[in-house]
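Chemist: Take this structure, written in structure tokens, and hold onto it; I'll ask about it next.
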Amino acid sequence: MQKIFPVWIYLALAFVTVRCATPTTMTVQANATGFNNMGQFCPELDDGVNVTCLVDHGVGTGQMWMEPDGTSPSCVSYAYAQAGYQTIHLYCSVDNIFFYQNKTLYVGEKIDQVTVGDQNGNTLIPLIDSSDIYVNYVNGSDVSLEIFSNTSNAILSQTNVTTRNFTHTITAADLNNQLGMHAVSVTLQNPISSVTRWLVIALNEVISGFNFTGHINPFMHIDDVIDLNFTLEKGSDVSIAIEIKTVLFVQKCEGALRNHSFSYTLNETGSYIIELTLSNFVSTYNWTFPLMVQYPVHNFTVQQIKNVMKGSTDTWTIELPAGSSTPMGILFGVTEEDGNQIDNISLTTAASQTYSKSYPTAGYFNITFTIQSEISRMVFSWIQVVENELSLELLIQESVPISQSEQEFVLRITDSNTSPLFKLNCTLDIDGVSQEFPIAEQFTDSTNQTLIYRYYGIGNKTVTVNCSNTLRNWAVTKIVEVWTDCFASANFFSVAFKSSTTPMRVYITQIVQITAKVEVTQLCKNSSREYWWDFYDVPHDDHLNPELRGYYNDSANQPHGVTITFAKEAIEAGLKKLVLRVNLTDQEGGILEDFIYVDFRTPPIVAQITGGSEVSHEVSANLIMDASSSKDPVQLYSDQPFDFNWTCFKVPDANVTDLNTFMGTFETVNEISPSSLGADCSLTATLTNQGRIEIPSSNLRDGFYFLFIVTVEKINQTSAGLTIRRNDKVFQAVHIVPYEPPRTELKCLRNCNKKINLDSISSFNVTCSNCESDTVYRWDLEKFNTATNMFETMLDGGFEAYIETRTIETTEIAIKASVLPQGGRLRLKCDISWNGKNVTVSNILSVNYQPRGGECAIEPKTGNASITFFEIKCTGWLDEEDRNTKDDTLDQNALLTYKVYQNSVRNGTRIISLLEESTEPIVKAYLGIGDPSNDYNSTIEVYVIDRFYGSAKYTIPVQVNNPIASTTLPSSEQVEEYYSTVLIELTKSNSAELLMKTVESITSVLTDYTIIKNDSYPDIDVNKIPTEWNGGLLDLQDVNGTKVMASYDSMLEDILQKSVNAYQVKVQETFINLTDTMLSKLQETNSSTFAWVETTSNAFGNVLSKSEYVADKSVIHASDALKQLTASFTNLIMKARTPYSIAVARP
């Protein structure tokens, strides 16, 4: 910049300048040095020499000359008296060229030696509520101050500083109360300098409210984990330092800290001091915990004798194997006996230590020996058995009548010094058959141990009692004579049913008839008798607390005989106990009692789905599934509805092989899950509990089988609180097709139980409601092969071997008996073709297994007809009942029926007689004579029958002799004695059933004798039948095709009208049976039979006339009828004799 200088200036310049190169520009640098208020001035010209410059320092401050050298800078300085702004003027001239420039310049002191921080100069300032910032500088003029917060992005303070030392108070609010570290800048500045210092403001909460929540104990084990967890009420930006032995863990937690977790695994034994230090910039908290780390107690073993005699001392050996880890702490052993501490000893980690223990008292003691340190232990516990010597005595009667066969066995301690005995095990052995002799857990000399036992059979019994504790044994053997007095056996019922866990099983839908096997010996045959039955409920199978039913307390309701009968559904389901007491009222001690457990069971329900196991259905029509025809065989519950639960699975046609496998294994141990065949049909809840459900066609899919499974159930409650749950399930596979198929239903007509009886014909038919007359039906019978899981036809070789009907192309088919495999799984199917459409309907059949594995025996093997009471006993029979698989364990105690027959040949004719049908596997019966031509040998046939009528046959040989030993006709006295012997016992039994069952035996004896020529009546022509000896005397008339004697028939009608009770009816039936035999014999050509009938009828009439048999006039009438018949025979004989014959007719 050029400027015209004052004249005097020009003059002055004129004197000092010389001519040289000429500059064209001038630049002036004016700078404050920052020290002593000094300014520095530096003109710069682009050229020229001999330059003269005048510098004016400012108003009133003076001037100074300078001669800069052209382009070489040259500066002059000037110290002002005070700081401030000065205007500098600079005049320069060269060869009459003048330059002028002015500048305003601040001069003063630079700011330096600035200190910012707390009062100690620290640049990290803790802050709780407020803190002071201290600012100090040594040099500096005209200083201004600015404090700025990065956190709040605001100027906290801005002011001109008048002193070199000052403070500023900063608050939490300045930092928006935000916990943490905050950067704050402090800037000092003037026009020539600026100094910024940064501070860190640590806004923290004071650490307070420390609460230890971790896990640590004064003693801990190696590898234990300590949890140094804690909570704080307050505290922020906390640094956590944890020192564990020689290991330090440091962690900084930003922000507010309220809880903290730290875990550490102890890996070194020894003494620890756990130090936990919490700190931030405003507070510090220290927590310490002393800790001892050691190994747990381990590896010790204790050896001792667990069974000792009273008074002995045992030395325990406590061992620690070499190499066991130590230290384990301070060790000691605590001994407890039955929970009470009895000793405490110090232990070490030595290899072996001992401890002595004495046992002054017998008993079973719970010993606990604990080896423990401060925090761990090893516990050794055992039952210490301290035994006494065995000093015992068995007290029993060594001669016992069978009527007192129930005896008390008494075991007592003979030496009080050996009392008590603990947990003594005793067994009672009778002739090789053992059972437990229950002994109280503590057996003392003041309390004897007793066992009630009943002898079976007569003879010498070897009685052995064995007793033992853990160290001693004792045994005694005695011979007991069991002799016959009034009762031949004390066992009225099967021994197998004496336990509540193995009762006789019957269905409530059966007529249940139980006959006690009461046999009175000849010694007491004439004794009068009383029979009394008690009937008990056994609720919840609690045999110790049976409940007596009051019905039989009334004598009018008593059977008063050996047979008790229960009508169908007269008894509720549940376990019952029947007790029969027989009292021979005129015999001292002639009372005997026996019992049987009977499980009255409810037969299972039978689930059914209308149609068959496999049917077809059109995709466009609604599908109806109907299980409402399911059956409950119990009439008592017939009004109660079934509960139904349906499930359904959609099985693609491609999975038909797996569907067949499901059908073949359904309800077997190999049954496959239906869910594996296809997706669930997703039936709505409203459908699943109905007997008849309807599936909309919109839910059906062509190319699928819809597999339906329904579970049908009833739950009944008895008056005794017994819950009876019965259920059954059945399936039907419905093949969905795109056309209207024949609407078919496959029904069983015969042999229709859940399992078919292979011994019976089975018949089925198929109906079609929309078929035409040209419909073709073709049956097939298939067996499921468990190896291939496929159904395979059984008719490849021709149907004739299995099918009873003449063709298999028919609507009805019958399967032959005895041709199906036991336990077989069959599919009976019918292929139906009509109008170009083919469908299959089928039923899955299970073939019943026959009972198996058992045997039967008879005792005695030889006896007399109607005199010897034979016992047929069956054991070991197994049956799978409702299940489809045999299992020898599960098949025991099955519900079986035993039908017992006698098969004999008499007079050339084979006679098969039913002796008894019973669910009890023991039958006692009077048998008829065997084959007279074969030493009276006969055969007992036992049919063991299950609930599906499958049967197994077992035969037993037996010899049954005629009790009237004679080679000729016996006398009337012999026959009368025989009848008396038989009828007395039958009458005393008060059992019409037993009486009727014995009629066949009596008849067999009466019809045994045949004589070629009648010695008593030599003039009778044996070639004529007796009714022709004197025509018309007996006046046989044809009544409805039957020959009857008119005089006898009218009297018989009279007898029948006068009967008043079942027993009398049975007497009449016996009478009818006998007289029918007489009539039959009268029409034979053997005259000896006539004489025999005459003799026996006379004897029988005399017996019936005896007062002990006369219970009603009907019996007297029967006797009179027989006497009249005898008289008719006598008259007949007398008239048939010649005048020269001498014969005496019996009266």
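In the structure tokens, each chain is lettered A, B, ... as it comes, each chain's residues begin at 1, and ligands are numbered from 1 in order of appearance.
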Show me, as a ChimeraX atom specification, the residues that have an atom within 7 Å of Pro126 of chain A when counting only C-alpha atoms, minus same-chain residues fewer than 2 positions from it.
Modeler: /A:124,128,201-203,281-282
Chemist: Determine, counting only C-alpha atoms, which protein, DNA and RNA residues have an atom within 7 Å of an atom of Ile922 of chain A; residues of the same chain fewer than 5 positions away are not included. Present the result as a VMD selection string.
Modeler: chain A and resid 494 871 to 874
Chemist: Pick the closest to Asp541 of chain A from A:Ala720, A:Ala654, A:Val710, A:Val293: which is it, counting only C-alpha atoms?
Modeler: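 With only C-alpha atoms as the atom set, the closest residue is A:Ala720.
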Chemist: Would you mind telling me which residue in A:Asn417, A:Thr231, A:Asn102, A:Ser620 lies nearest to Pro738 of chain A when using only C-alpha atoms?
Modeler: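 So, comparing all the options, the nearest one is A:Ser620.
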Chemist: Taking the DSSP secondary structure from the backbone, can you list the residues of segment 89-243 of chain A that are strand (DSSP E or B), as a ChimeraX atom specification?
Modeler: /A:89-94,97-107,112,115-117,124-127,130-136,139,144-149,154-160,165-171,180-190,193-203,208,211-212,215,219-221,225-227,230-231,234,236-243
Chemist: Near Gly876 of chain A, counting only C-alpha atoms, which residues have an atom at most 10 Å away, once you skip same-chain residues fewer than 6 positions from it, shown as a list in words?
Modeler: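 Result of the neighbour search: Arg852, Gly853, Gly854, Glu855, Cys856, Gln892, Asn893 and Pro921 of chain A.
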Chemist: Please identify all polymer residues within 10 Å of segment 548-563 of chain A, counting only C-alpha atoms, omitting same-chain residues fewer than 4 positions from it, and present them as an NGL selection string.
Modeler: :A and (492 or 513-518 or 529-538 or 576-578 or 580-582 or 987-994)
Chemist: Using only C-alpha atoms, which protein or nucleic acid residues come within 8 Å of Pro652 of chain A? Drop anything in the same chain fewer than 5 positions from it, and give the result as a count of residues only.
Modeler: 4
